[in-house]
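Asker: Sending over structure-v1.txt (compact mmCIF, C-alpha atoms).
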```
# COMPACT_ATOMS: atom_id res chain seq x y z
CA MET A 23 0.00 0.00 0.00
CA ILE A 24 2.75 2.39 1.02
CA ASP A 25 4.67 1.45 -2.11
CA ILE A 26 1.71 2.32 -4.31
CA LEU A 27 1.23 5.67 -2.55
CA ASN A 28 4.93 6.46 -2.98
CA ILE A 29 4.70 5.66 -6.66
CA VAL A 30 1.62 7.89 -7.01
CA VAL A 31 3.31 10.84 -5.27
CA PHE A 32 6.53 10.51 -7.22
CA SER A 33 4.77 10.17 -10.55
CA LEU A 34 2.71 13.32 -9.89
CA VAL A 35 5.88 15.26 -9.03
CA GLY A 36 7.71 13.75 -11.97
CA LEU A 37 4.99 14.80 -14.39
CA GLY A 38 5.22 18.34 -13.01
CA LEU A 39 8.98 18.30 -13.63
CA PHE A 40 8.39 16.94 -17.11
CA PHE A 41 6.00 19.76 -18.07
CA ALA A 42 8.37 22.38 -16.68
CA VAL A 43 11.22 20.91 -18.71
CA ILE A 44 9.13 20.99 -21.89
CA ARG A 45 8.55 24.71 -21.34
CA LEU A 46 12.27 25.09 -20.64
CA ILE A 47 13.06 23.56 -24.03
CA ILE A 48 10.43 25.22 -26.22
CA GLY A 49 10.11 28.55 -24.38
CA PRO A 50 10.14 31.24 -27.06
CA THR A 51 12.00 33.88 -25.01
CA VAL A 52 14.70 33.84 -22.37
CA ALA A 53 12.19 35.07 -19.77
CA ASP A 54 10.01 32.01 -20.34
CA ARG A 55 12.99 29.77 -19.76
CA ALA A 56 13.91 31.57 -16.55
CA VAL A 57 10.33 31.20 -15.29
CA SER A 58 10.22 27.52 -16.02
CA LEU A 59 13.61 27.07 -14.35
CA ASP A 60 12.24 28.78 -11.23
CA THR A 61 9.25 26.44 -11.16
CA PHE A 62 11.52 23.48 -11.83
CA ASN A 63 13.72 24.39 -8.86
CA VAL A 64 10.84 24.58 -6.40
CA ILE A 65 9.57 21.21 -7.60
CA VAL A 66 13.06 19.75 -7.15
CA ILE A 67 13.12 20.97 -3.54
CA GLY A 68 9.97 18.97 -2.89
CA THR A 69 11.43 15.96 -4.67
CA ILE A 70 14.55 16.02 -2.50
CA ALA A 71 12.36 16.22 0.61
CA LEU A 72 10.35 13.24 -0.64
CA LEU A 73 13.59 11.32 -1.18
CA SER A 74 14.52 11.97 2.45
CA HIS A 75 11.27 10.30 3.42
CA LEU A 76 11.79 7.42 1.01
CA TYR A 77 15.30 6.62 2.26
CA GLN A 78 14.55 7.64 5.89
CA ASN A 79 17.66 9.82 5.97
CA SER A 80 17.35 13.35 7.34
CA LEU A 81 20.51 14.45 5.51
CA TYR A 82 18.42 14.99 2.38
CA LEU A 83 16.49 17.76 4.15
CA ASP A 84 19.76 19.65 4.65
CA ILE A 85 20.43 19.25 0.96
CA ALA A 86 16.94 20.62 0.28
CA ILE A 87 17.69 23.71 2.39
CA VAL A 88 20.93 24.39 0.54
CA TYR A 89 19.22 23.80 -2.77
CA ALA A 90 16.44 26.23 -1.85
CA ILE A 91 18.97 28.96 -1.06
CA LEU A 92 20.90 28.33 -4.28
CA ALA A 93 17.70 28.28 -6.32
CA PHE A 94 16.68 31.66 -4.93
CA LEU A 95 20.09 33.14 -5.76
CA GLU A 96 19.90 31.64 -9.22
CA THR A 97 16.53 33.24 -9.88
CA ILE A 98 17.83 36.63 -8.77
CA VAL A 99 20.94 36.33 -10.93
CA PHE A 100 18.90 35.34 -13.98
CA ALA A 101 16.59 38.29 -13.40
CA ARG A 102 19.56 40.65 -13.16
CA TYR A 103 20.93 39.21 -16.38
CA LEU A 104 17.56 39.67 -18.10
CA GLU A 105 17.34 43.27 -17.04
CA GLY A 106 20.52 44.01 -18.90
CA ARG A 107 22.78 46.62 -17.39
CA HIS A 108 19.95 48.56 -15.83
CA GLY A 109 20.50 47.44 -12.25
CA ASP A 110 23.26 48.55 -9.96
CA CYS A 111 24.59 45.04 -9.28
CA MET B 25 -1.13 9.67 11.07
CA GLU B 26 0.29 7.98 8.02
CA ILE B 27 -2.93 8.51 6.11
CA VAL B 28 -3.00 12.24 6.91
CA SER B 29 0.60 12.72 5.82
CA TYR B 30 0.09 10.78 2.59
CA VAL B 31 -3.00 12.86 1.85
CA PHE B 32 -0.84 15.98 2.28
CA MET B 33 1.87 14.55 0.04
CA ILE B 34 -0.56 13.58 -2.72
CA ILE B 35 -2.20 17.02 -2.60
CA GLY B 36 1.26 18.56 -2.81
CA GLY B 37 2.21 16.35 -5.74
CA PHE B 38 -1.02 17.28 -7.49
CA PHE B 39 -0.30 20.99 -7.10
CA TYR B 40 3.26 20.45 -8.30
CA LEU B 41 1.77 18.82 -11.38
CA LEU B 42 -0.56 21.80 -11.80
CA GLY B 43 2.39 24.17 -11.51
CA GLY B 44 4.27 22.41 -14.27
CA LEU B 45 1.14 22.23 -16.41
CA GLY B 46 0.41 25.90 -15.80
CA VAL B 47 3.91 26.90 -16.86
CA LEU B 48 3.41 24.84 -20.00
CA ARG B 49 -0.12 25.90 -20.92
CA MET B 50 -0.43 29.57 -20.01
CA PRO B 51 -0.16 31.87 -23.02
CA ASP B 52 2.22 34.63 -21.83
CA VAL B 53 5.05 35.25 -19.39
CA PHE B 54 3.18 36.86 -16.49
CA ASP B 55 0.45 34.22 -16.42
CA ARG B 56 3.13 31.55 -16.42
CA ILE B 57 4.84 33.20 -13.47
CA GLN B 58 1.54 33.39 -11.60
CA ALA B 59 0.57 29.78 -12.17
CA GLY B 60 4.04 28.49 -11.45
CA THR B 61 4.56 30.48 -8.26
CA LYS B 62 1.22 29.85 -6.61
CA ALA B 63 0.89 26.19 -7.40
CA THR B 64 4.44 25.27 -6.50
CA THR B 65 4.34 27.28 -3.26
CA LEU B 66 1.30 25.42 -1.98
CA GLY B 67 2.73 22.17 -3.33
CA ALA B 68 5.96 22.67 -1.40
CA PHE B 69 4.05 23.58 1.79
CA SER B 70 1.92 20.49 1.50
CA VAL B 71 4.68 18.02 0.66
CA LEU B 72 6.98 19.30 3.42
CA LEU B 73 4.15 19.32 5.96
CA GLY B 74 3.31 15.74 5.05
CA ILE B 75 6.92 14.69 5.57
CA GLY B 76 7.08 16.60 8.85
CA ILE B 77 3.94 14.92 10.15
CA LEU B 78 5.17 11.47 9.21
CA ASN B 79 8.59 11.99 10.82
CA PRO B 80 8.03 14.30 13.81
CA GLU B 81 11.75 14.70 14.52
CA TRP B 82 12.15 16.42 11.15
CA LEU B 83 9.19 18.73 11.63
CA PHE B 84 11.26 21.79 12.59
CA LYS B 85 13.58 21.42 9.63
CA ALA B 86 10.59 21.07 7.31
CA LEU B 87 9.03 24.18 8.86
CA LEU B 88 12.26 26.07 8.26
CA ILE B 89 12.18 25.15 4.56
CA ILE B 90 8.49 26.14 4.44
CA ILE B 91 9.26 29.58 5.91
CA PHE B 92 12.14 30.07 3.52
CA ILE B 93 10.05 29.13 0.48
CA ALA B 94 7.18 31.35 1.65
CA LEU B 95 9.57 34.29 1.78
CA SER B 96 11.78 33.61 -1.23
CA ASN B 97 9.39 32.30 -3.86
CA PRO B 98 7.17 35.40 -4.19
CA ILE B 99 10.20 37.70 -4.12
CA GLY B 100 11.89 35.68 -6.84
CA SER B 101 8.81 35.73 -9.00
CA SER B 102 8.37 39.49 -8.56
CA VAL B 103 11.97 40.14 -9.55
CA LEU B 104 11.59 37.82 -12.52
CA ALA B 105 8.37 39.54 -13.60
CA LYS B 106 10.03 42.93 -13.48
CA ALA B 107 13.00 41.64 -15.46
CA ALA B 108 10.68 40.07 -18.02
CA TYR B 109 8.83 43.36 -18.36
CA LYS B 110 12.04 45.32 -18.83
CA SER B 111 13.52 42.83 -21.28
CA SER B 112 10.56 43.65 -23.55
CA ALA B 113 9.26 40.12 -23.44
CA LYS B 114 5.96 41.61 -22.36
CA PRO B 115 2.83 40.34 -24.07
CA ASN B 116 0.65 42.66 -26.11
CA ASN B 117 -2.68 41.39 -24.81
CA LEU B 118 -2.77 43.63 -21.74
CA VAL B 119 -6.01 45.57 -21.41
CA GLN B 120 -4.40 48.10 -19.09
CA ASP B 121 -0.76 49.00 -18.41
CA ASP B 122 0.03 51.45 -15.66
CA LEU B 123 3.66 50.44 -15.37
CA LYS B 124 4.65 51.83 -18.78
CA ASP B 125 4.53 55.46 -17.72
CA SER B 126 6.55 54.86 -14.58
CA LEU B 127 9.33 52.88 -16.21
CA GLY B 128 9.43 55.17 -19.23
CA GLY B 129 10.10 58.12 -16.95
CA GLU B 130 12.81 56.18 -15.16
CA ASP B 131 14.56 55.42 -18.43
CA ASN B 132 14.65 59.07 -19.37
CA VAL B 133 16.27 59.97 -16.07
CA ASN B 134 18.94 57.35 -16.58
CA MET C 29 17.84 45.45 22.03
CA LYS C 30 18.61 45.12 18.32
CA TYR C 31 21.56 42.89 19.07
CA VAL C 32 19.52 40.64 21.35
CA ALA C 33 16.81 40.16 18.72
CA THR C 34 19.30 39.41 15.94
CA PHE C 35 21.11 36.95 18.17
CA LEU C 36 17.89 35.19 19.12
CA VAL C 37 16.79 34.81 15.49
CA LEU C 38 20.17 33.44 14.38
CA PHE C 39 20.41 31.10 17.35
CA GLY C 40 16.85 29.88 16.79
CA VAL C 41 17.59 29.04 13.15
CA TYR C 42 20.78 27.24 14.17
CA VAL C 43 18.99 25.15 16.77
CA LEU C 44 16.20 24.27 14.34
CA LEU C 45 18.82 23.09 11.85
CA ALA C 46 21.14 21.23 14.20
CA GLY C 47 18.85 19.78 16.83
CA ILE C 48 19.20 20.05 20.60
CA VAL C 49 22.60 18.63 21.57
CA VAL C 50 24.85 20.30 24.15
CA GLN C 51 27.89 20.69 21.87
CA GLU C 52 25.75 22.05 19.05
CA LEU C 53 24.14 24.55 21.41
CA ILE C 54 27.52 25.91 22.52
CA LEU C 55 28.88 26.10 18.96
CA GLY C 56 25.66 27.69 17.76
CA ALA C 57 25.80 30.33 20.48
CA VAL C 58 29.37 31.24 19.57
CA ILE C 59 28.67 31.42 15.84
CA SER C 60 25.45 33.38 16.34
CA LEU C 61 27.25 35.85 18.60
CA ALA C 62 29.99 36.41 16.04
CA LEU C 63 27.48 36.82 13.21
CA THR C 64 25.38 39.19 15.29
CA PHE C 65 28.19 41.73 15.52
CA ILE C 66 28.85 41.47 11.79
CA ILE C 67 25.30 41.89 10.49
CA ALA C 68 23.68 44.00 13.20
CA LYS C 69 24.55 47.25 11.45
CA TYR C 70 22.51 46.18 8.42
CA VAL C 71 19.47 45.47 10.59
CA ASN C 72 17.08 48.35 10.93
CA TYR C 73 13.89 47.17 12.53
CA GLU C 74 12.66 48.64 15.76
CA ILE C 75 11.39 46.74 18.73
CA ASP C 76 8.91 48.19 21.16
CA ASN C 77 6.67 46.80 23.84
CA LYS C 78 3.83 46.03 21.42
CA LEU C 79 5.77 43.16 19.89
CA PRO C 80 3.84 40.31 21.62
CA TYR C 81 0.56 41.85 20.47
CA ARG C 82 1.87 42.05 16.91
CA ILE C 83 3.02 38.45 16.96
CA LEU C 84 -0.39 37.35 18.25
CA VAL C 85 -2.15 39.27 15.48
CA PHE C 86 0.27 37.83 12.92
CA VAL C 87 -0.22 34.24 13.98
CA PHE C 88 -3.94 34.16 14.75
CA LEU C 89 -5.34 36.73 12.33
CA TYR C 90 -2.96 37.08 9.39
CA LEU C 91 -1.76 33.51 8.91
CA PRO C 92 -5.20 31.81 8.70
CA VAL C 93 -6.45 34.41 6.22
CA PHE C 94 -3.24 34.10 4.22
CA LEU C 95 -3.37 30.30 4.06
CA TRP C 96 -7.03 30.35 3.10
CA GLN C 97 -6.33 32.84 0.32
CA LEU C 98 -3.42 30.67 -0.86
CA VAL C 99 -5.72 27.65 -1.12
CA LEU C 100 -8.32 29.73 -2.98
CA ALA C 101 -5.60 31.00 -5.32
CA ASN C 102 -4.55 27.48 -6.13
CA PHE C 103 -8.08 26.39 -6.91
CA SER C 104 -8.47 29.34 -9.24
CA VAL C 105 -5.16 28.44 -10.93
CA ALA C 106 -6.36 24.85 -11.20
CA ARG C 107 -9.63 25.96 -12.78
CA ARG C 108 -7.80 28.12 -15.30
CA VAL C 109 -5.15 25.57 -16.17
CA LEU C 110 -7.54 22.65 -16.56
CA SER C 111 -10.13 24.46 -18.68
CA ILE C 112 -9.88 23.97 -22.42
CA LYS C 113 -9.78 27.63 -23.40
CA ILE C 114 -8.04 29.68 -20.72
CA PRO C 115 -10.14 32.70 -19.66
CA LEU C 116 -7.92 35.79 -19.57
CA ASN C 117 -8.34 39.54 -19.27
CA PRO C 118 -4.89 40.58 -18.10
CA GLY C 119 -3.59 44.00 -17.19
CA ILE C 120 -1.11 45.84 -15.00
CA VAL C 121 -2.73 48.17 -12.50
CA LYS C 122 -1.29 50.67 -10.08
CA ILE C 123 -2.20 50.49 -6.42
CA GLU C 124 -1.44 53.01 -3.73
CA THR C 125 -0.54 51.63 -0.35
CA ASP C 126 -0.73 53.43 2.98
CA LEU C 127 1.73 51.12 4.71
CA GLU C 128 4.93 52.55 6.13
CA GLY C 129 8.15 50.66 6.47
CA ASP C 130 9.93 48.13 4.30
CA PHE C 131 8.84 45.00 6.09
CA GLY C 132 5.16 45.85 5.88
CA LYS C 133 5.48 46.52 2.16
CA LEU C 134 7.37 43.28 1.64
CA LEU C 135 4.64 41.36 3.45
CA LEU C 136 1.96 43.12 1.41
CA ALA C 137 3.71 42.37 -1.88
CA ASN C 138 4.21 38.73 -0.96
CA SER C 139 0.58 38.42 0.10
CA ILE C 140 -0.59 39.95 -3.16
CA THR C 141 1.57 37.56 -5.16
CA LEU C 142 0.12 34.55 -3.41
CA THR C 143 -3.55 35.56 -3.60
CA PRO C 144 -5.86 34.63 -6.49
CA GLY C 145 -5.01 36.03 -9.89
CA THR C 146 -2.53 38.72 -8.91
CA LEU C 147 1.24 39.17 -9.11
CA SER C 148 3.10 42.16 -7.74
CA ILE C 149 5.75 43.34 -10.18
CA ASP C 150 7.33 46.53 -8.95
CA ILE C 151 7.20 49.00 -6.10
CA ASP C 152 8.34 52.56 -5.96
CA GLY C 153 7.58 54.63 -2.92
CA LYS C 154 3.84 54.32 -2.28
CA ASN C 155 2.88 52.83 -5.63
CA LEU C 156 2.63 49.10 -6.12
CA TYR C 157 2.31 47.74 -9.66
CA VAL C 158 0.26 44.58 -9.82
CA HIS C 159 -0.39 42.25 -12.75
CA THR C 160 -3.85 40.73 -12.56
CA ILE C 161 -5.20 37.95 -14.73
CA ASP C 162 -8.67 39.49 -14.63
CA VAL C 163 -9.04 43.27 -14.44
CA LYS C 164 -12.35 43.85 -12.67
CA GLY C 165 -12.54 47.43 -11.44
CA LYS C 166 -12.83 50.53 -13.61
CA THR C 167 -11.23 53.05 -11.24
CA PRO C 168 -8.03 52.80 -9.15
CA GLU C 169 -10.06 52.73 -5.93
CA GLU C 170 -12.08 49.72 -7.06
CA ASN C 171 -8.93 47.91 -8.10
CA LYS C 172 -7.30 48.65 -4.77
CA GLU C 173 -10.25 47.36 -2.78
CA ASP C 174 -10.46 44.29 -5.00
CA ILE C 175 -6.79 43.35 -4.87
CA SER C 176 -5.22 44.52 -1.65
CA GLY C 177 -7.97 45.84 0.63
CA LEU C 178 -8.13 42.85 2.96
CA PHE C 179 -4.40 42.41 3.41
CA GLU C 180 -3.78 46.12 3.65
CA ARG C 181 -6.09 46.29 6.66
CA LEU C 182 -4.61 43.18 8.26
CA ILE C 183 -1.00 44.27 7.85
CA GLY C 184 -1.94 47.78 8.92
CA VAL C 185 -2.91 46.33 12.29
CA ILE C 186 0.53 44.75 12.62
CA PHE C 187 2.77 47.54 11.29
CA LYS C 188 1.20 50.83 12.22
```
Could you take the file, read its structure, and then write that structure out as structure tokens?

Answerer:
Amino acid sequence: MIDILNIVVFSLVGLGLFFAVIRLIIGPTVADRAVSLDTFNVIVIGTIALLSHLYQNSLYLDIAIVYAILAFLETIVFARYLEGRHGDC
Amino acid sequence: MEIVSYVFMIIGGFFYLLGGLGVLRMPDVFDRIQAGTKATTLGAFSVLLGIGILNPEWLFKALLIIIFIALSNPIGSSVLAKAAYKSSAKPNNLVQDDLKDSLGGEDNVN
Amino acid sequence: MKYVATFLVLFGVYVLLAGIVVQELILGAVISLALTFIIAKYVNYEIDNKLPYRILVFVFLYLPVFLWQLVLANFSVARRVLSIKIPLNPGIVKIETDLEGDFGKLLLANSITLTPGTLSIDIDGKNLYVHTIDVKGKTPEENKEDISGLFERLIGVIFK
């Protein structure tokens, strides 16, 4: 029973990742790709947390925290890049 | 307890799926940002809460990630929306655009 | 006072991450103390004796409304995404906010982003630029009441 529920949860998350990746590939502009990368990152955080439950190892949650911080920085850097040389950073 | 936490996880997975689908299906950049941000924020809350309920010793760590996502995800999407607007990727189906005047003035000053 | 608050926040985060072990507590206290002196000059919030009242309002009034609005927002996203032809009437509207202080504005912008159909894009001074999927009001006042009225009142209780 638990196995089936795990499979259901992971396939839902995996489909979400799949759709985000399709948008990442076909996105007509750079902004679309940055948006889909942002979505992708938040879904990956949840996936890492689910892995920590699957393997019963709390180390994965630490990885999820670090990944969340890096994903936020990555979004900001992409946004700065998109803005061109307007910003002061 | 297990049932509750799996219900949370499945709801979270469903909203993650909706987030991905929204990013794929919405017709322009801002709608994609909206769908992606909202759906994935609630999805992350729900998945992490489910994991925290199932393993009570991890609950505080999961809450920390939830707080961080609640703060960082909307900020990231706002910054991204502004960048998308400035990079002239803006759609032309807007019925009203109050931001144009403001940013136009800023450009002239610079 | 500022130093004490910064130290408590840093130490709390450290304990949440590391768990309650004696060695970790000592190391966390030392690291938090060192970090406090480095970052305290960038911290500019004020603490007065109404803080417990504000925290109570935040937890018992703001958070339930916020979570309920987040759930509503997700159902509206779900309805839009799963319908065959996506109903749209998008626009960027300007909203004036009466809130003072950076943290109140940040909270307002985040709340607007996570409520149904709206996304805050930019802020300058008192004006907040919001992208909405469905422009309802005709005048700025109607738009303001529609988009941010509820949260503006709630956050006004906390940061006024």

Asker: For a quick test of understanding: name the residues of chain A lying within 10 Å of chain C when counting all atoms listed in the file, and present them as a PyMOL selection string.

Answerer: chain A and resi 83-84+87

Asker: (15.8, 25.8, 3.0) in this file's frame - what residues fall within 9 Å of it? Use only C-alpha atoms and give the answer as a count of residues only.

Answerer: 18

Asker: Can you work out the spacing between CA of Asn79 in chain B and CA of Leu44 in chain C in Å, to one decimal?

Answerer: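 Going from CA of Asn79 in chain B over to CA of Leu44 in chain C covers 14.9 Å.
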
Asker: Could you please determine the separation between CA of Gln58 in chain B and CA of Ile34 in chain B in Å, to one decimal place?

Answerer: 21.8 Å

Asker: Using Å and a single decimal, report how far CA of Val43 in chain A sits from CA of Val57 in chain A.

Answerer: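 Between these atoms lies a distance of 10.9 Å.
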
Asker: Give me, as a CSV table (one decimal) with C-alpha atoms, in the coordinates of the input, the contact residues of chain B against chain C at a cut-off of 9 Å, counting only C-alpha atoms.

Answerer:
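The result, written out as part_27.csv:
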```
chain,number,residue,atom,x,y,z
B,39,PHE,CA,-0.3,21.0,-7.1
B,42,LEU,CA,-0.6,21.8,-11.8
B,43,GLY,CA,2.4,24.2,-11.5
B,45,LEU,CA,1.1,22.2,-16.4
B,46,GLY,CA,0.4,25.9,-15.8
B,49,ARG,CA,-0.1,25.9,-20.9
B,50,MET,CA,-0.4,29.6,-20.0
B,51,PRO,CA,-0.2,31.9,-23.0
B,54,PHE,CA,3.2,36.9,-16.5
B,55,ASP,CA,0.4,34.2,-16.4
B,57,ILE,CA,4.8,33.2,-13.5
B,58,GLN,CA,1.5,33.4,-11.6
B,59,ALA,CA,0.6,29.8,-12.2
B,61,THR,CA,4.6,30.5,-8.3
B,62,LYS,CA,1.2,29.8,-6.6
B,63,ALA,CA,0.9,26.2,-7.4
B,65,THR,CA,4.3,27.3,-3.3
B,66,LEU,CA,1.3,25.4,-2.0
B,84,PHE,CA,11.3,21.8,12.6
B,85,LYS,CA,13.6,21.4,9.6
B,88,LEU,CA,12.3,26.1,8.3
B,94,ALA,CA,7.2,31.4,1.6
B,95,LEU,CA,9.6,34.3,1.8
B,97,ASN,CA,9.4,32.3,-3.9
B,98,PRO,CA,7.2,35.4,-4.2
B,99,ILE,CA,10.2,37.7,-4.1
B,101,SER,CA,8.8,35.7,-9.0
B,102,SER,CA,8.4,39.5,-8.6
B,103,VAL,CA,12.0,40.1,-9.6
B,104,LEU,CA,11.6,37.8,-12.5
B,105,ALA,CA,8.4,39.5,-13.6
B,106,LYS,CA,10.0,42.9,-13.5
B,109,TYR,CA,8.8,43.4,-18.4
B,117,ASN,CA,-2.7,41.4,-24.8
B,118,LEU,CA,-2.8,43.6,-21.7
B,119,VAL,CA,-6.0,45.6,-21.4
B,120,GLN,CA,-4.4,48.1,-19.1
B,121,ASP,CA,-0.8,49.0,-18.4
B,122,ASP,CA,0.0,51.4,-15.7
B,123,LEU,CA,3.7,50.4,-15.4
```

Asker: Compile the residues of chain A that lie within 9 Å of chain B, evaluated using all atoms listed in the file, and express the compilation as JSON, numbers by chain.

Answerer: {"A": [24, 27, 28, 30, 31, 32, 33, 34, 35, 36, 37, 38, 39, 40, 41, 42, 43, 44, 45, 46, 49, 51, 52, 53, 54, 56, 57, 58, 60, 61, 62, 64, 65, 67, 68, 69, 71, 72, 74, 75, 78, 80, 83, 84, 86, 87, 90, 91, 94, 95, 97, 98, 100, 101, 102, 103, 104, 105, 106, 108]}

Asker: Could you complete range 176-184 of chain C so that it carries all heavy atoms, and give it back as a PDB file, in the frame of the given file?

Answerer:
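Below is the file out-v5.pdb, written as the result:
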```
ATOM      1  N   SER C 176      -6.035  44.504  -2.864  1.00  0.00           N
ATOM      2  CA  SER C 176      -5.220  44.520  -1.650  1.00  0.00           C
ATOM      3  C   SER C 176      -5.963  44.997  -0.417  1.00  0.00           C
ATOM      4  O   SER C 176      -5.343  45.148   0.623  1.00  0.00           O
ATOM      5  CB  SER C 176      -4.001  45.410  -1.866  1.00  0.00           C
ATOM      6  OG  SER C 176      -4.405  46.752  -1.802  1.00  0.00           O
ATOM      7  N   GLY C 177      -7.281  45.251  -0.508  1.00  0.00           N
ATOM      8  CA  GLY C 177      -7.970  45.840   0.630  1.00  0.00           C
ATOM      9  C   GLY C 177      -7.859  45.026   1.909  1.00  0.00           C
ATOM     10  O   GLY C 177      -7.483  45.536   2.959  1.00  0.00           O
ATOM     11  N   LEU C 178      -8.125  43.712   1.774  1.00  0.00           N
ATOM     12  CA  LEU C 178      -8.130  42.850   2.960  1.00  0.00           C
ATOM     13  C   LEU C 178      -6.769  42.808   3.628  1.00  0.00           C
ATOM     14  O   LEU C 178      -6.633  43.037   4.832  1.00  0.00           O
ATOM     15  CB  LEU C 178      -8.559  41.456   2.507  1.00  0.00           C
ATOM     16  CG  LEU C 178      -8.588  40.365   3.551  1.00  0.00           C
ATOM     17  CD1 LEU C 178      -9.630  40.700   4.583  1.00  0.00           C
ATOM     18  CD2 LEU C 178      -8.894  39.042   2.903  1.00  0.00           C
ATOM     19  N   PHE C 179      -5.726  42.551   2.814  1.00  0.00           N
ATOM     20  CA  PHE C 179      -4.400  42.410   3.410  1.00  0.00           C
ATOM     21  C   PHE C 179      -3.865  43.740   3.906  1.00  0.00           C
ATOM     22  O   PHE C 179      -3.133  43.787   4.891  1.00  0.00           O
ATOM     23  CB  PHE C 179      -3.440  41.792   2.401  1.00  0.00           C
ATOM     24  CG  PHE C 179      -3.600  40.324   2.307  1.00  0.00           C
ATOM     25  CD1 PHE C 179      -4.186  39.750   1.213  1.00  0.00           C
ATOM     26  CD2 PHE C 179      -3.187  39.511   3.340  1.00  0.00           C
ATOM     27  CE1 PHE C 179      -4.351  38.389   1.140  1.00  0.00           C
ATOM     28  CE2 PHE C 179      -3.349  38.155   3.283  1.00  0.00           C
ATOM     29  CZ  PHE C 179      -3.931  37.597   2.169  1.00  0.00           C
ATOM     30  N   GLU C 180      -4.236  44.815   3.205  1.00  0.00           N
ATOM     31  CA  GLU C 180      -3.780  46.120   3.650  1.00  0.00           C
ATOM     32  C   GLU C 180      -4.292  46.408   5.066  1.00  0.00           C
ATOM     33  O   GLU C 180      -3.555  46.880   5.924  1.00  0.00           O
ATOM     34  CB  GLU C 180      -4.293  47.171   2.678  1.00  0.00           C
ATOM     35  CG  GLU C 180      -3.889  48.551   3.040  1.00  0.00           C
ATOM     36  CD  GLU C 180      -3.023  49.177   1.975  1.00  0.00           C
ATOM     37  OE1 GLU C 180      -3.065  48.706   0.837  1.00  0.00           O
ATOM     38  OE2 GLU C 180      -2.308  50.112   2.309  1.00  0.00           O
ATOM     39  N   ARG C 181      -5.559  46.070   5.311  1.00  0.00           N
ATOM     40  CA  ARG C 181      -6.090  46.290   6.660  1.00  0.00           C
ATOM     41  C   ARG C 181      -5.405  45.395   7.680  1.00  0.00           C
ATOM     42  O   ARG C 181      -5.032  45.833   8.764  1.00  0.00           O
ATOM     43  CB  ARG C 181      -7.599  46.031   6.655  1.00  0.00           C
ATOM     44  CG  ARG C 181      -8.390  47.203   6.119  1.00  0.00           C
ATOM     45  CD  ARG C 181      -9.862  47.045   6.409  1.00  0.00           C
ATOM     46  NE  ARG C 181     -10.462  45.971   5.645  1.00  0.00           N
ATOM     47  CZ  ARG C 181     -10.899  46.113   4.388  1.00  0.00           C
ATOM     48  NH1 ARG C 181     -10.773  47.264   3.779  1.00  0.00           N
ATOM     49  NH2 ARG C 181     -11.440  45.101   3.756  1.00  0.00           N
ATOM     50  N   LEU C 182      -5.216  44.109   7.308  1.00  0.00           N
ATOM     51  CA  LEU C 182      -4.610  43.180   8.260  1.00  0.00           C
ATOM     52  C   LEU C 182      -3.186  43.584   8.614  1.00  0.00           C
ATOM     53  O   LEU C 182      -2.795  43.587   9.783  1.00  0.00           O
ATOM     54  CB  LEU C 182      -4.590  41.778   7.663  1.00  0.00           C
ATOM     55  CG  LEU C 182      -5.830  40.933   7.876  1.00  0.00           C
ATOM     56  CD1 LEU C 182      -5.646  39.602   7.192  1.00  0.00           C
ATOM     57  CD2 LEU C 182      -6.050  40.723   9.343  1.00  0.00           C
ATOM     58  N   ILE C 183      -2.392  43.923   7.583  1.00  0.00           N
ATOM     59  CA  ILE C 183      -1.000  44.270   7.850  1.00  0.00           C
ATOM     60  C   ILE C 183      -0.916  45.631   8.522  1.00  0.00           C
ATOM     61  O   ILE C 183      -0.010  45.882   9.321  1.00  0.00           O
ATOM     62  CB  ILE C 183      -0.196  44.219   6.544  1.00  0.00           C
ATOM     63  CG1 ILE C 183      -0.220  42.794   6.021  1.00  0.00           C
ATOM     64  CG2 ILE C 183       1.233  44.624   6.753  1.00  0.00           C
ATOM     65  CD1 ILE C 183       0.337  42.633   4.650  1.00  0.00           C
ATOM     66  N   GLY C 184      -1.905  46.504   8.232  1.00  0.00           N
ATOM     67  CA  GLY C 184      -1.940  47.780   8.920  1.00  0.00           C
ATOM     68  C   GLY C 184      -2.085  47.628  10.427  1.00  0.00           C
ATOM     69  O   GLY C 184      -1.538  48.425  11.196  1.00  0.00           O
TER      70      GLY C 184
END
```
